[in-house]
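Notes follow once the structure below has been shown.
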Amino acid sequence: MIVKQMTVGSMAVCCYVVGCEETKKCCIIDPGGNEEMILSLCRSEGLTVEAIICTHGHPDHVCGNAKIQKATGASILMHQSDAEFFAKPEVIDYFSMLGLPPSPPVDRTVSDGEEIVIGTISLKVLHTPGHTPGGICLYAAPHLFTGDTLFVEGLGRTDFPGGDMNQLLTSINEKILTLPAETVVWPGHGYGGARSTVGAEAENNPYLKGAW
C-alpha cells in the first residue's frame, strides 16, 4: 500500500495519495490546493487516480476537487450527510468567507461501514460526525485517515455550522479508540504532528485522557 502525505493549500491541509502497489490505482484524500503538485506526485509514482475522497465538506479540504477531477476524470466521494449539508444555500454562503471554491457535485455518496475499493486496497468508511454532520475517517489497517475528526493531540473544531463537540467525542470513542493501539493516525492537518497512533492519542491527547 502506497501512502504519500502532502501539506497543501492556504490552510495547510494534509492531503493523501493512497495507492495500490499491484494495480497502480490510487485515490486522493482531501485535495485542498496545490493541485499540480498532487498530480505530479501521482504521475511520478505511475498512479492512475480513480477517486477523490472527501473526509468532510469544508472548503479547505475540497477546494482542489474540481481541478483534480478535470485532470483525471476521477469520481468525487463524500458522506451523504455532508453532500446534503454543504449543498444548502445558507451553508455555501457562510463558508464563502474562506474565499475558497466549493466542491463540484458529488458523484457518489458513501455511508458508515462501506468499503471503497481501490485496486486491491479496501478503505472502510467510518462515519464520525461532530466536526461536520458527514465527517468520515477511512480505515485500511494499519492506516487510519482521520480528516479533521482527530489531530495529533488535538481535535477538530466544532464552532462552525454543523459542529457538535459531544458528538465528536462520541465518534472518536466509539469509532477510533476501539481500533488497535498500533493503528497509524494520519490527520487532516499537522497542527500537533504529521502522524500518530491510536494508542498514543488515547494516552496523550488532552481531550481524550481517561477515555480508553
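In the C-alpha cells, each chain is lettered A, B, ... as it comes, each chain's residues begin at 1, and ligands are numbered from 1 in order of appearance.
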
Excluding same-chain residues fewer than 6 positions from Ile76 in chain A, what lies within 10 Å of it counting only C-alpha atoms, as a list in words?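 What passes the distance filter is Cys27, Ile28, Ile29, Glu50, Ala51, Ile52, Ile53, Cys54, Val62, Asn65, Ala66, Ile68, Gln69, Ser103, Pro104, Pro105, Val106, Asp107, Arg108 and Thr109 of chain A.
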
I'd like the contact shell of Gly130 in chain A - 9 Å cut-off, only C-alpha atoms, skipping same-chain residues fewer than 5 positions apart - returned as a ChimeraX atom specification. /A:135,149,156-158,162-171

Export N, CA and C atoms of the chosen residues as a PDB file, in the first residue's frame?
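Result written to out18.pdb:
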ATOM      1  N   GLY A 135     -18.796  13.935   8.519  1.00  0.00           N
ATOM      2  CA  GLY A 135     -17.365  13.662   8.585  1.00  0.00           C
ATOM      3  C   GLY A 135     -17.086  12.171   8.615  1.00  0.00           C
ATOM      4  N   THR A 149     -11.441  15.017  12.186  1.00  0.00           N
ATOM      5  CA  THR A 149     -12.024  14.408  13.372  1.00  0.00           C
ATOM      6  C   THR A 149     -11.004  14.370  14.499  1.00  0.00           C
ATOM      7  N   GLY A 156     -10.786  18.222  15.934  1.00  0.00           N
ATOM      8  CA  GLY A 156     -11.331  19.214  15.025  1.00  0.00           C
ATOM      9  C   GLY A 156     -12.221  20.194  15.761  1.00  0.00           C
ATOM     10  N   ARG A 157     -12.297  21.413  15.255  1.00  0.00           N
ATOM     11  CA  ARG A 157     -13.143  22.435  15.884  1.00  0.00           C
ATOM     12  C   ARG A 157     -14.605  22.126  15.642  1.00  0.00           C
ATOM     13  N   THR A 158     -15.451  22.610  16.533  1.00  0.00           N
ATOM     14  CA  THR A 158     -16.883  22.327  16.417  1.00  0.00           C
ATOM     15  C   THR A 158     -17.731  23.593  16.463  1.00  0.00           C
ATOM     16  N   GLY A 162     -22.946  23.058  11.901  1.00  0.00           N
ATOM     17  CA  GLY A 162     -22.909  21.605  11.763  1.00  0.00           C
ATOM     18  C   GLY A 162     -21.993  20.915  12.743  1.00  0.00           C
ATOM     19  N   GLY A 163     -21.263  21.683  13.556  1.00  0.00           N
ATOM     20  CA  GLY A 163     -20.346  21.082  14.529  1.00  0.00           C
ATOM     21  C   GLY A 163     -21.023  20.774  15.849  1.00  0.00           C
ATOM     22  N   ASP A 164     -20.511  19.749  16.539  1.00  0.00           N
ATOM     23  CA  ASP A 164     -21.076  19.343  17.824  1.00  0.00           C
ATOM     24  C   ASP A 164     -19.999  18.596  18.608  1.00  0.00           C
ATOM     25  N   MET A 165     -19.488  19.208  19.687  1.00  0.00           N
ATOM     26  CA  MET A 165     -18.385  18.619  20.435  1.00  0.00           C
ATOM     27  C   MET A 165     -18.753  17.287  21.070  1.00  0.00           C
ATOM     28  N   ASN A 166     -19.923  17.186  21.664  1.00  0.00           N
ATOM     29  CA  ASN A 166     -20.317  15.915  22.284  1.00  0.00           C
ATOM     30  C   ASN A 166     -20.384  14.804  21.247  1.00  0.00           C
ATOM     31  N   GLN A 167     -20.904  15.131  20.085  1.00  0.00           N
ATOM     32  CA  GLN A 167     -20.998  14.149  19.006  1.00  0.00           C
ATOM     33  C   GLN A 167     -19.608  13.744  18.527  1.00  0.00           C
ATOM     34  N   LEU A 168     -18.697  14.720  18.454  1.00  0.00           N
ATOM     35  CA  LEU A 168     -17.337  14.439  18.015  1.00  0.00           C
ATOM     36  C   LEU A 168     -16.640  13.494  18.991  1.00  0.00           C
ATOM     37  N   LEU A 169     -16.762  13.751  20.282  1.00  0.00           N
ATOM     38  CA  LEU A 169     -16.133  12.890  21.286  1.00  0.00           C
ATOM     39  C   LEU A 169     -16.726  11.488  21.257  1.00  0.00           C
ATOM     40  N   THR A 170     -18.030  11.398  21.041  1.00  0.00           N
ATOM     41  CA  THR A 170     -18.670  10.080  20.928  1.00  0.00           C
ATOM     42  C   THR A 170     -18.135   9.335  19.714  1.00  0.00           C
ATOM     43  N   SER A 171     -17.996  10.030  18.594  1.00  0.00           N
ATOM     44  CA  SER A 171     -17.460   9.415  17.377  1.00  0.00           C
ATOM     45  C   SER A 171     -16.064   8.857  17.613  1.00  0.00           C
TER      46      SER A 171
END

Within 9 Å of Ala140 in chain A, counting only C-alpha atoms, which residues qualify if same-chain residues fewer than 5 places away don't, as a list in words?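 Returned residues: Ile121, Ser122, Leu123, Lys124 and Phe145 of chain A.
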
If you keep C-alpha atoms, can you produce a file of those selected residues as a PDB file, in the first residue's frame?
ATOM      1  CA  ILE A 121      -6.961  -1.928  -1.324  1.00  0.00           C
ATOM      2  CA  SER A 122     -10.176  -1.542   0.619  1.00  0.00           C
ATOM      3  CA  LEU A 123     -10.819   1.621   2.637  1.00  0.00           C
ATOM      4  CA  LYS A 124     -13.564   1.226   5.228  1.00  0.00           C
ATOM      5  CA  PHE A 145      -7.063   8.764   7.738  1.00  0.00           C
TER       6      PHE A 145
END

Enumerate as JSON, numbers by chain all residues of range 39-151 of chain A assigned to helix (DSSP H, G or I) by DSSP on the backbone, naming them with the chain letters and numbers the document uses. {"A": [39, 40, 41, 42, 43, 44, 59, 60, 61, 62, 65, 66, 67, 68, 69, 70, 71, 72, 80, 81, 82, 83, 84, 85, 89, 90, 91, 92, 93, 94, 95, 96, 97, 98]}

Any chance you could export the current selection's N, CA and C atoms as a compact mmCIF listing (two decimals), in the first residue's frame?
# COMPACT_ATOMS: atom_id res chain seq x y z
N LEU A 39 -0.90 16.14 -8.55
CA LEU A 39 -0.93 15.40 -9.81
C LEU A 39 0.46 14.96 -10.23
N SER A 40 1.45 15.81 -9.99
CA SER A 40 2.82 15.48 -10.33
C SER A 40 3.31 14.28 -9.54
N LEU A 41 2.94 14.23 -8.27
CA LEU A 41 3.33 13.07 -7.45
C LEU A 41 2.69 11.80 -8.00
N CYS A 42 1.42 11.89 -8.38
CA CYS A 42 0.75 10.71 -8.95
C CYS A 42 1.44 10.24 -10.22
N ARG A 43 1.81 11.20 -11.06
CA ARG A 43 2.49 10.84 -12.30
C ARG A 43 3.85 10.20 -12.02
N SER A 44 4.58 10.79 -11.08
CA SER A 44 5.92 10.27 -10.79
C SER A 44 5.87 8.86 -10.21
N PRO A 59 -14.47 23.80 2.73
CA PRO A 59 -13.79 24.22 1.50
C PRO A 59 -12.28 24.03 1.51
N ASP A 60 -11.63 24.13 2.67
CA ASP A 60 -10.17 23.96 2.66
C ASP A 60 -9.76 22.55 2.32
N HIS A 61 -10.69 21.58 2.45
CA HIS A 61 -10.38 20.19 2.12
C HIS A 61 -10.88 19.77 0.74
N VAL A 62 -11.77 20.56 0.15
CA VAL A 62 -12.35 20.16 -1.15
C VAL A 62 -12.06 21.15 -2.28
N ASN A 65 -10.89 19.83 -5.62
CA ASN A 65 -11.64 18.75 -6.27
C ASN A 65 -11.88 18.99 -7.75
N ALA A 66 -12.28 20.22 -8.10
CA ALA A 66 -12.63 20.49 -9.49
C ALA A 66 -11.44 20.31 -10.43
N LYS A 67 -10.29 20.86 -10.06
CA LYS A 67 -9.12 20.76 -10.93
C LYS A 67 -8.61 19.32 -11.01
N ILE A 68 -8.63 18.62 -9.88
CA ILE A 68 -8.18 17.23 -9.89
C ILE A 68 -9.13 16.37 -10.74
N GLN A 69 -10.42 16.61 -10.59
CA GLN A 69 -11.39 15.83 -11.37
C GLN A 69 -11.25 16.12 -12.86
N LYS A 70 -11.07 17.38 -13.21
CA LYS A 70 -10.91 17.75 -14.62
C LYS A 70 -9.69 17.09 -15.23
N ALA A 71 -8.62 16.98 -14.45
CA ALA A 71 -7.37 16.42 -14.95
C ALA A 71 -7.39 14.90 -15.03
N THR A 72 -8.19 14.26 -14.19
CA THR A 72 -8.12 12.80 -14.06
C THR A 72 -9.41 12.07 -14.40
N GLN A 80 -23.04 11.04 2.62
CA GLN A 80 -24.30 11.62 2.19
C GLN A 80 -24.71 12.83 3.02
N SER A 81 -24.47 12.77 4.34
CA SER A 81 -24.88 13.87 5.22
C SER A 81 -24.15 15.17 4.88
N ASP A 82 -22.86 15.07 4.55
CA ASP A 82 -22.12 16.27 4.17
C ASP A 82 -22.47 16.72 2.76
N ALA A 83 -22.71 15.78 1.86
CA ALA A 83 -23.11 16.16 0.50
C ALA A 83 -24.39 16.98 0.55
N GLU A 84 -25.31 16.61 1.42
CA GLU A 84 -26.57 17.33 1.56
C GLU A 84 -26.37 18.66 2.30
N PHE A 85 -25.59 18.61 3.40
CA PHE A 85 -25.39 19.80 4.24
C PHE A 85 -24.69 20.91 3.48
N PRO A 89 -27.92 26.44 0.48
CA PRO A 89 -27.50 27.81 0.12
C PRO A 89 -26.93 28.58 1.30
N GLU A 90 -27.54 28.44 2.48
CA GLU A 90 -27.06 29.20 3.63
C GLU A 90 -25.69 28.70 4.11
N VAL A 91 -25.40 27.41 3.91
CA VAL A 91 -24.10 26.86 4.28
C VAL A 91 -23.04 27.30 3.26
N ILE A 92 -23.40 27.26 1.98
CA ILE A 92 -22.50 27.76 0.93
C ILE A 92 -22.15 29.21 1.19
N ASP A 93 -23.16 30.00 1.54
CA ASP A 93 -22.93 31.42 1.80
C ASP A 93 -22.02 31.64 3.00
N TYR A 94 -22.22 30.87 4.06
CA TYR A 94 -21.40 31.02 5.27
C TYR A 94 -19.93 30.72 4.97
N PHE A 95 -19.67 29.61 4.32
CA PHE A 95 -18.28 29.20 4.10
C PHE A 95 -17.61 29.95 2.95
N SER A 96 -18.38 30.77 2.22
CA SER A 96 -17.78 31.59 1.17
C SER A 96 -16.80 32.60 1.76
N MET A 97 -16.91 32.85 3.07
CA MET A 97 -15.99 33.78 3.73
C MET A 97 -14.55 33.30 3.67
N LEU A 98 -14.35 32.00 3.46
CA LEU A 98 -12.99 31.47 3.38
C LEU A 98 -12.33 31.79 2.05

Find, counting only C-alpha atoms, the residue in A:Thr146, A:Asn173, A:Thr183, A:Thr120 that gets nearest to Val198 in chain A.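 Closest residue, counting only C-alpha atoms: A:Thr183.
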
Using only C-alpha atoms, find the one residue out of A:Gly119, A:Gly9, A:Gly199, A:Gly99 that sits nearest to Glu22 in chain A.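 When distances to Glu22 in chain A are compared using only C-alpha atoms, the smallest one comes from A:Gly119.
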
Shell around Val125 in chain A at 6 Å using only C-alpha atoms, local window under 6 positions removed, as a CSV table (one decimal) with C-alpha atoms, in the first residue's frame:
chain,number,residue,atom,x,y,z
A,112,ASP,CA,-20.8,4.1,7.5
A,113,GLY,CA,-19.2,0.7,7.1
A,114,GLU,CA,-19.0,0.9,3.3
A,138,LEU,CA,-11.0,5.9,6.3

With distances taken over only C-alpha atoms, which of A:Ser75, A:Thr48, A:Thr128, A:Thr178 is nearest to Gly19 in chain A?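 Residue with the minimum atom-to-atom distance to Gly19 in chain A: A:Thr48.
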
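The coordinates place CA of Thr55 in chain A at 16.4 Å from CA of Arg195 in chain A.
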
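Proximity ranking of A:Trp186, A:Phe151, A:Tyr16, A:Tyr139 relative to Tyr207 in chain A places A:Phe151 first, based on only C-alpha atoms.
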
Would you kindly return, as a list in words, each protein, DNA or RNA residue with an atom no farther than 9 Å from any atom of Leu177 in chain A, considering only C-alpha atoms and excluding same-chain residues fewer than 3 positions away? Ile172, Asn173, Glu174, Pro180, Ala181, Val198, Gly199, Glu201, Ala202, Ala211 and Trp212 of chain A

Which value, in Å to one decimal, gives the distance between CA of Gly193 in chain A and CA of Lys209 in chain A? 18.2 Å

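Distances from A:Glu203, A:Asp30, A:Glu45, A:Glu35 to Met78 in chain A were compared using only C-alpha atoms, and the smallest one belongs to A:Asp30.
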
Ranking A:Leu47, A:Pro161, A:Ile116, A:His56 by minimum distance to Lys88 in chain A and counting only C-alpha atoms, which one comes first? A:Pro161

Range 1-209 of chain A: which residues are strand (DSSP E) by DSSP, as a ChimeraX atom specification? /A:2-8,13-19,25-29,48-53,75-79,108-110,115-118,121-127,136-140,143-147,150-151,154-155,184-187,196-197
